[in-house]
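Structure data (mmCIF, C-alpha atoms) from input.cif:
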```
data_entry
#
loop_
_atom_site.label_atom_id
_atom_site.label_comp_id
_atom_site.auth_asym_id
_atom_site.auth_seq_id
_atom_site.Cartn_x
_atom_site.Cartn_y
_atom_site.Cartn_z
CA MET D 109 90.52 195.24 119.89
CA LYS D 110 93.86 195.22 118.12
CA LYS D 111 94.46 193.27 114.94
CA LYS D 112 96.78 190.28 115.37
CA VAL D 113 99.95 189.62 113.41
CA SER D 114 99.76 186.15 111.83
CA PHE D 115 103.17 186.00 110.16
CA THR D 116 106.47 187.90 109.98
CA SER D 117 109.45 187.51 107.68
CA ARG D 118 112.44 189.29 106.22
CA GLY D 119 113.22 189.67 102.53
CA GLN D 120 115.53 187.46 100.51
CA ARG D 121 118.54 189.09 98.85
CA ALA D 122 117.86 189.51 95.12
CA ASP D 123 120.23 192.21 93.82
CA ILE D 124 119.61 193.72 90.41
CA GLY D 125 122.66 195.34 88.79
CA PRO D 126 124.07 197.98 91.16
CA TYR D 127 121.00 197.96 93.44
CA ILE D 128 120.90 196.03 96.73
CA ILE D 129 117.47 194.44 96.66
CA TYR D 130 115.48 192.47 99.21
CA ARG D 131 112.43 190.61 97.88
CA ILE D 132 109.72 191.00 100.51
CA ILE D 133 106.86 189.26 98.66
CA ALA D 134 106.17 186.82 97.20
CA ASN D 135 107.80 184.43 99.66
CA ARG D 136 107.34 180.78 100.60
CA TYR D 137 104.38 181.62 102.85
CA VAL D 138 102.71 184.62 101.19
CA ASP D 139 101.75 184.79 97.49
CA ALA D 140 99.89 188.10 97.69
CA VAL D 141 98.45 190.77 99.99
CA GLY D 142 95.25 192.04 98.40
CA PRO D 143 96.18 192.67 94.75
CA PHE D 144 99.90 193.07 95.54
CA VAL D 145 101.85 190.03 94.32
CA PHE D 146 105.37 191.45 94.54
CA LEU D 147 107.36 193.89 96.67
CA ASP D 148 111.05 194.64 96.23
CA HIS D 149 112.96 196.93 98.59
CA ALA D 150 115.94 198.73 97.06
CA VAL D 151 117.73 199.60 100.29
CA PRO D 152 119.22 203.05 100.94
CA ILE D 153 122.62 203.51 99.29
CA LYS D 154 124.86 206.53 99.86
CA HIS D 155 126.61 207.71 96.70
CA SER D 156 129.61 209.94 96.15
CA ALA D 157 129.01 213.45 94.88
CA ASP D 158 131.08 212.84 91.74
CA GLU D 159 129.45 209.53 90.77
CA PRO D 160 128.20 209.69 87.18
CA PRO D 161 124.44 209.17 86.80
CA LYS D 162 123.16 205.87 85.44
CA LYS D 163 121.37 206.03 82.11
CA ALA D 164 118.50 204.00 80.74
CA ASN D 165 120.35 202.47 77.79
CA GLY D 166 118.70 199.12 77.18
CA LYS D 167 120.77 197.00 79.58
CA GLY D 168 117.96 196.98 82.15
CA ALA D 169 115.02 196.89 79.73
CA HIS D 170 112.51 194.09 80.35
CA PRO D 171 108.86 193.26 79.57
CA HIS D 172 105.71 192.97 81.70
CA ARG D 173 102.19 191.77 81.10
CA GLY D 174 99.09 191.33 83.26
CA ILE D 175 100.13 193.67 86.08
CA ALA D 176 100.68 197.31 87.00
CA THR D 177 104.08 198.20 88.43
CA LEU D 178 104.41 200.93 91.04
CA THR D 179 107.75 202.41 92.08
CA TYR D 180 107.76 204.66 95.14
CA ILE D 181 110.94 206.72 95.22
CA LEU D 182 111.83 207.41 98.85
CA SER D 183 115.15 209.01 97.88
CA GLY D 184 116.61 209.68 94.47
CA GLU D 185 115.46 210.45 90.97
CA ALA D 186 113.87 207.69 88.87
CA VAL D 187 114.08 207.80 85.09
CA HIS D 188 111.45 205.86 83.12
CA LEU D 189 111.27 204.95 79.43
CA ASP D 190 108.94 202.41 77.82
CA SER D 191 107.97 200.94 74.47
CA ARG D 192 104.71 202.93 74.33
CA GLY D 193 106.56 206.23 74.09
CA HIS D 194 106.47 207.36 77.72
CA TYR D 195 109.39 209.17 79.32
CA ALA D 196 109.58 210.87 82.74
CA LYS D 197 111.83 211.73 85.66
CA VAL D 198 110.35 211.52 89.16
CA ASN D 199 112.11 212.87 92.25
CA SER D 200 112.25 211.84 95.91
CA GLY D 201 108.76 211.28 97.30
CA GLY D 202 107.22 210.70 93.87
CA VAL D 203 105.61 207.64 92.30
CA GLN D 204 105.82 205.92 88.92
CA TRP D 205 102.83 203.73 87.95
CA MET D 206 102.78 201.68 84.78
CA LYS D 207 99.91 199.47 83.68
CA ALA D 208 101.53 196.73 81.61
CA GLY D 209 98.18 195.44 80.38
CA ASN D 210 98.65 193.38 77.22
CA GLY D 211 102.38 193.96 77.08
CA ILE D 212 105.06 196.62 77.44
CA ILE D 213 108.84 196.90 77.78
CA HIS D 214 110.27 199.44 80.22
CA ASP D 215 113.66 200.63 81.38
CA GLU D 216 113.98 202.30 84.78
CA VAL D 217 117.03 203.59 86.66
CA VAL D 218 117.34 205.47 89.94
CA ASN D 219 120.03 208.10 90.50
CA VAL D 220 120.79 210.64 93.20
CA ASP D 221 118.19 213.40 93.30
CA ALA D 222 119.85 216.58 92.03
CA LYS D 223 117.39 218.61 94.14
CA SER D 224 118.49 216.91 97.36
CA SER D 225 121.76 216.96 99.28
CA ASP D 226 121.44 213.50 100.87
CA LEU D 227 123.11 211.62 97.94
CA LEU D 228 120.84 208.62 98.64
CA THR D 229 118.91 206.22 96.45
CA HIS D 230 116.08 204.27 98.09
CA ALA D 231 112.91 202.82 96.54
CA LEU D 232 110.09 200.30 96.80
CA GLN D 233 108.56 198.51 93.82
CA PHE D 234 105.18 196.81 93.97
CA TRP D 235 103.45 194.67 91.34
CA ILE D 236 99.67 195.08 91.37
CA ASN D 237 97.85 192.10 89.88
CA LEU D 238 95.20 193.19 87.38
CA PRO D 239 91.79 191.50 87.14
CA SER D 240 91.62 189.19 84.11
CA LYS D 241 89.41 191.63 82.17
CA ASN D 242 92.10 194.34 82.49
CA LYS D 243 95.08 192.16 81.56
CA THR D 244 94.21 192.50 77.85
CA GLU D 245 93.87 196.30 77.88
CA ALA D 246 96.36 198.74 76.39
CA PRO D 247 99.29 199.83 78.58
CA GLU D 248 99.23 203.15 80.43
CA TYR D 249 101.76 205.21 82.38
CA LEU D 250 101.30 207.81 85.11
CA PRO D 251 104.08 209.64 86.99
CA LEU D 252 103.23 211.47 90.22
CA MET D 253 105.61 214.20 91.29
CA PRO D 254 106.19 214.57 95.06
CA ASN D 255 103.72 217.45 95.39
CA GLU D 256 101.01 215.34 93.70
CA VAL D 257 101.07 212.64 96.39
CA PRO D 258 98.31 213.40 98.94
CA GLN D 259 99.59 213.96 102.46
CA LYS D 260 97.90 214.52 105.81
CA GLU D 261 99.47 215.85 109.00
CA LEU D 262 98.63 213.66 111.98
CA GLU D 263 97.15 215.03 115.19
CA ASN D 264 99.35 216.24 118.05
CA ASN D 265 102.30 216.84 115.71
CA SER D 266 102.70 213.07 115.55
CA GLY D 267 103.92 212.98 111.96
CA TRP D 268 102.25 212.51 108.59
CA LEU D 269 100.51 210.00 106.33
CA LYS D 270 100.90 209.85 102.55
CA VAL D 271 98.37 208.07 100.34
CA ILE D 272 100.43 206.39 97.63
CA VAL D 273 97.51 204.26 96.40
CA GLY D 274 93.83 204.30 97.35
CA GLU D 275 92.02 206.60 99.74
CA TYR D 276 92.27 207.71 103.35
CA GLU D 277 89.65 210.00 104.87
CA GLN D 278 89.49 213.00 102.51
CA LEU D 279 92.63 212.06 100.59
CA ALA D 280 92.64 210.12 97.31
CA SER D 281 95.60 209.10 95.15
CA LYS D 282 95.51 209.66 91.39
CA ILE D 283 96.77 206.11 90.83
CA PRO D 284 93.97 204.08 89.14
CA ASN D 285 92.28 201.33 91.14
CA TYR D 286 90.96 198.10 89.63
CA SER D 287 89.94 196.75 93.04
CA LYS D 288 89.96 198.17 96.56
CA GLN D 289 93.64 198.69 97.39
CA PHE D 290 95.85 200.96 99.45
CA ILE D 291 99.47 201.87 100.15
CA TYR D 292 100.04 204.35 102.98
CA HIS D 293 103.40 205.75 104.08
CA ILE D 294 103.11 206.59 107.79
CA HIS D 295 105.88 208.69 109.34
CA LEU D 296 105.88 208.98 113.13
CA GLU D 297 107.96 211.40 115.13
CA ALA D 298 109.86 210.17 118.19
CA GLY D 299 107.62 209.02 121.03
CA LYS D 300 104.38 209.43 119.05
CA HIS D 301 101.47 207.07 118.35
CA PHE D 302 98.92 206.60 115.57
CA SER D 303 96.06 204.13 115.25
CA ILE D 304 94.14 203.12 112.15
CA ALA D 305 90.92 201.10 112.00
CA THR D 306 90.81 198.17 109.58
CA GLU D 307 87.97 197.17 107.26
CA ASN D 308 86.38 193.74 107.30
CA GLY D 309 87.22 191.65 104.23
CA LEU D 310 90.49 193.43 103.37
CA GLU D 311 94.01 192.08 103.76
CA TYR D 312 96.66 194.13 105.61
CA ALA D 313 100.45 194.06 105.80
CA VAL D 314 103.19 196.38 107.08
CA PHE D 315 106.80 196.79 106.01
CA LEU D 316 109.44 198.73 107.98
CA PRO D 317 111.90 200.19 105.45
CA LEU D 318 114.20 202.28 107.65
CA ASN D 319 113.94 201.82 111.42
CA ASN D 320 112.63 199.58 114.16
CA GLY D 321 109.04 200.28 115.15
CA THR D 322 106.33 199.18 117.57
CA ILE D 323 103.08 197.77 116.18
CA ASN D 324 100.26 196.76 118.52
CA ASP D 325 102.65 196.83 121.50
CA ALA D 326 105.30 194.55 119.96
CA GLU D 327 108.61 195.81 118.59
CA TYR D 328 109.73 194.83 115.09
CA LYS D 329 113.04 195.36 113.33
CA LYS D 330 113.76 197.41 110.23
CA GLY D 331 113.36 195.28 107.11
CA GLU D 332 110.58 193.18 108.67
CA PHE D 333 107.35 192.34 106.86
CA LEU D 334 104.19 191.69 108.91
CA LEU D 335 101.02 190.03 107.65
CA PHE D 336 97.89 190.47 109.76
CA ASP D 337 95.09 187.99 110.35
CA LYS D 338 91.65 188.39 108.77
CA GLU D 339 89.81 189.43 111.94
CA GLU D 340 88.73 193.02 112.47
CA GLY D 341 90.73 195.27 114.74
CA ALA D 342 92.86 198.38 114.94
CA ILE D 343 96.54 198.65 114.02
CA GLU D 344 98.47 200.92 116.38
CA PHE D 345 101.82 202.32 115.36
CA SER D 346 104.23 203.64 117.99
CA ASP D 347 107.70 205.07 118.02
CA ASN D 348 109.69 204.19 121.13
CA SER D 349 113.14 204.37 119.57
CA GLY D 350 113.89 208.01 120.26
CA SER D 351 113.95 208.90 116.57
CA ALA D 352 111.37 209.09 113.79
CA THR D 353 110.05 205.83 112.33
CA ASP D 354 108.45 204.98 108.97
CA PHE D 355 105.86 202.31 108.23
CA ILE D 356 104.48 201.17 104.87
CA LEU D 357 100.93 199.86 105.32
CA PHE D 358 99.45 198.14 102.26
CA GLY D 359 96.78 195.67 101.15
CA GLY D 360 93.25 195.52 99.87
CA GLU D 361 90.62 193.13 98.57
CA PRO D 362 91.82 189.54 98.15
CA TYR D 363 92.57 188.55 94.55
CA THR D 364 90.09 185.74 93.87
CA GLU D 365 91.12 184.66 90.34
CA PRO D 366 93.91 182.12 89.69
CA ILE D 367 97.44 183.55 89.89
CA ILE D 368 100.04 182.12 87.50
CA ALA D 369 103.32 184.03 87.73
CA GLN D 370 106.41 183.36 85.66
CA GLY D 371 109.28 185.77 85.21
CA PRO D 372 107.93 189.28 84.51
CA PHE D 373 104.40 188.07 83.65
CA VAL D 374 101.42 187.46 85.95
CA MET D 375 98.39 185.88 84.27
CA ASN D 376 95.49 183.58 85.14
CA THR D 377 96.45 180.45 83.18
CA GLN D 378 99.63 178.75 82.00
CA HIS D 379 98.41 179.16 78.42
CA GLU D 380 98.28 182.94 78.92
CA ILE D 381 101.86 182.85 80.23
CA SER D 382 102.93 181.05 77.06
CA GLU D 383 101.13 183.65 74.95
CA ALA D 384 102.84 186.44 76.88
CA TYR D 385 106.28 185.01 76.08
CA ASN D 386 105.39 184.29 72.46
CA ASP D 387 104.09 187.83 71.88
CA PHE D 388 107.21 189.29 73.47
CA TYR D 389 109.58 187.21 71.31
CA GLU D 390 107.55 188.16 68.23
CA GLY D 391 108.12 191.86 68.98
CA LYS D 392 104.49 192.71 69.75
CA TYR D 393 105.40 194.79 72.82
CA GLY D 394 107.23 197.35 70.69
CA GLU D 395 110.63 198.94 71.22
CA ILE D 396 111.89 201.74 73.45
CA ASP D 397 112.86 204.95 71.71
CA TYR D 398 115.86 206.07 73.77
CA SER D 399 116.12 209.31 71.84
CA LEU D 400 113.16 210.58 73.93
CA ALA D 401 115.47 211.03 76.90
CA ASN D 402 117.95 213.07 74.86
CA GLN D 403 115.19 215.22 73.35
CA ARG D 404 113.74 216.21 76.72
CA ASN D 405 116.84 216.60 78.89
#
```
Any chance you could give the structure as C-alpha cells?
Amino acid sequence: MKKKVSFTSRGQRADIGPYIIYRIIANRYVDAVGPFVFLDHAVPIKHSADEPPKKANGKGAHPHRGIATLTYILSGEAVHLDSRGHYAKVNSGGVQWMKAGNGIIHDEVVNVDAKSSDLLTHALQFWINLPSKNKTEAPEYLPLMPNEVPQKELENNSGWLKVIVGEYEQLASKIPNYSKQFIYHIHLEAGKHFSIATENGLEYAVFLPLNNGTINDAEYKKGEFLLFDKEEGAIEFSDNSGSATDFILFGGEPYTEPIIAQGPFVMNTQHEISEAYNDFYEGKYGEIDYSLANQRN
C-alpha cells in the first residue's frame, strides 16, 4: 500500500537581502512536520565570475532561542559566525547545524563555492524545535563538510541517498537528535525508481527543490511541498522527466508540547517568548567577534 498525500502547497516569497527565498513551512495549513517548524528554500542563483563575495559583517546578524537551525548547502559556500565564538566555512553538499538553546546570535552568508565551477548558490534552512528541557541548555555548533555527510548508492544505478539528519539503514548522521527525526536527500537518475517504507507514528513530507518528480504515481512540480497522511504505507519516487530529479524527504515524531513562535524564537509559552526578547535586549546572548573570520582566512 502506498502512503497518501493529504496536502500540497508552494512556498510564499520571503526574500532576505540578496537571496530569493520561498517559505515552505510554516504555512496557513501546516505548523510543523515532526520537529521541523520552519523550512526556507533559497532558490538557485547564478552569479558572475567577478562578483565580490559577501561577508558576514553584522548586517545579517540575528538571534535565536529554543530551536536548532540546520542549513543544507546544495551549492555554494556558507560562512558562519556566532556569539559563542564559532566560525566555519562549509562547501557545497555540507551542513551547518546550530543549537540555539538558551540564546545565541549568528551571522550566515552564502557565496559561490570556490571549489566548484557552477557559480551557483542554493540552500535549504530548517528550524528544528527543541523539547522544552533542551531549550534552556547552552548553545552548540556543528559543521559537516560534504565528505562527512553519509551517502548510499541506490540499487540498479538508480542514484543516491544522503542522510542529512537521522538514520537510514546502516547510515547515521552526526547531527544530534532530540527526538526521532530525519532529512534525506534522494537523487534519482532519469527513468529510475526508489521506494521507502514509512514508520507508524512518524510524520512525513517531501519537497522538490529543483525539478518535477513523480511520487506514488502522481507528478508534482518543482517547488512543491507534499504532506502525507498518518496511515502506514510506502513512498515511491520516480523520475519520468528524462533528466535526474531530487527529492527532500523529512519528518519525524510529532512535537507534542505547545508551540509558541514569534520572530526568531520558538518556545512553549508566551512568557518564555517575552523572556527570550528581554534577555536578547539585555545583551545576554553575547556578541559576535568578527575578527575570527580574519584570523582564520
TODO: Using only C-alpha atoms, pick whichever of D:Val113, D:Ala298, D:Leu252, D:Met375 has the shortest atom-to-atom distance to Leu178 (chain D).
DONE: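 Using only C-alpha atoms, Leu178 (chain D) sits closest to D:Leu252.
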Task: Atom pair CA of Val314 (chain D) / CA of Phe333 (chain D): separation (Å) - done: 5.8 Å
Mind checking which residues fall within 7 Å of Gln259 (chain D), counting all atoms listed in the file, ignoring those fewer than 4 positions away in the same chain, and posting them as a PDB file with C-alpha atoms, in the frame of the given file?
```pdb
ATOM      1  CA  TRP D 268     102.250 212.510 108.590  1.00  0.00           C
ATOM      2  CA  LEU D 269     100.510 210.000 106.330  1.00  0.00           C
ATOM      3  CA  LYS D 270     100.900 209.850 102.550  1.00  0.00           C
ATOM      4  CA  VAL D 271      98.370 208.070 100.340  1.00  0.00           C
TER       5      VAL D 271
END
```
TODO: Can you give me, as a PyMOL selection string, the residues this file yields under the PyMOL selection byres ((chain D and resi 311) around 12)?
DONE: chain D and resi 111+113-114+138+140-144+288-291+306-310+312-314+334-341+357-363
- [ ] Spell out the residues picked by the PyMOL selection byres ((chain D and resi 132) around 8) here, as a list in words.
- [x] Ser117, Arg118, Gly119, Gln120, Tyr130, Arg131, Ile133, Ala134, Asn135, Phe146, Leu147, Asp148, His149 and Phe333 of chain D
- [ ] Write out as a count of residues only each polymer residue whose atoms come within 10 Å of region 325-330 of chain D, counting all atoms listed in the file; drop sequence neighbours fewer than 3 positions from it.
- [x] 24
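Nearest to Ser200 (chain D) of all the residues D:Pro161, D:Pro171, D:Pro152, D:Pro254 is D:Pro254, counting only C-alpha atoms.
Taking only C-alpha atoms, the non-local environment of Leu228 (chain D) within 9 Å (same-chain residues fewer than 2 positions away omitted) comprises Pro152, Ile153, Lys154, His155, Ser183, Gly184, Asn219, Val220, Asp221, Ser224, Ser225, Asp226 and His230 of chain D.
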Box time for region 394-399 of chain D: axis-aligned, enclosing all its listed atoms, 6 Å extra on each side; report centre and edge lengths in Å to one decimal, as lines of an AutoDock Vina configuration file.
```
center_x = 111.7
center_y = 203.3
center_z = 72.2
size_x = 20.9
size_y = 24.0
size_z = 15.1
```
Task: Point-to-point distance in Å for CA of Ile283 (chain D) and CA of Tyr127 (chain D) - done: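 Value for the CA of Tyr127 (chain D)-CA of Ile283 (chain D) distance: 25.7 Å.
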Task: Atomic separation - CA of Asp215 (chain D) relative to CA of Arg192 (chain D), Å - done: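 Rounded to one decimal, the two atoms are 11.6 Å apart.
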- [ ] Identify, on the basis of only C-alpha atoms, every residue whose closest approach to Gly267 (chain D) does not exceed 9 Å; exclude the query and any residue fewer than 4 positions from it along the same chain; express the result as a ChimeraX atom specification.
- [x] /D:260-263,294-297,300,302,352
TODO: Kindly provide, as a PyMOL selection string, the polymer residues lying within 6 Å of (93.6, 183.3, 86.9), counting all atoms listed in the file and using the coordinates exactly as they appear in the file.
DONE: chain D and resi 365-367+376-377
Using only C-alpha atoms, which residues sit within 6 Å of Leu189 (chain D) once same-chain residues fewer than 5 positions away are excluded, as an mmCIF file with C-alpha atoms, keeping the file's coordinate frame?
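Written file, selection.cif:
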```
data_model
loop_
_atom_site.group_PDB
_atom_site.id
_atom_site.type_symbol
_atom_site.label_atom_id
_atom_site.label_comp_id
_atom_site.auth_asym_id
_atom_site.auth_seq_id
_atom_site.Cartn_x
_atom_site.Cartn_y
_atom_site.Cartn_z
ATOM 1 C CA HIS D 194 106.470 207.360 77.720
ATOM 2 C CA TYR D 195 109.390 209.170 79.320
ATOM 3 C CA HIS D 214 110.270 199.440 80.220
ATOM 4 C CA ASP D 215 113.660 200.630 81.380
#
```
- [ ] List the residues sitting within 6 Å of (99.3, 194.2, 77.7) in the file's frame, using only C-alpha atoms, as a list in words.
- [x] Arg173, Ala208, Gly209, Asn210, Gly211, Thr244, Glu245, Ala246 and Pro247 of chain D
Task: Residues matched by the PyMOL selection byres ((chain D and resi 384) around 9), written as a count of residues only - done: 17
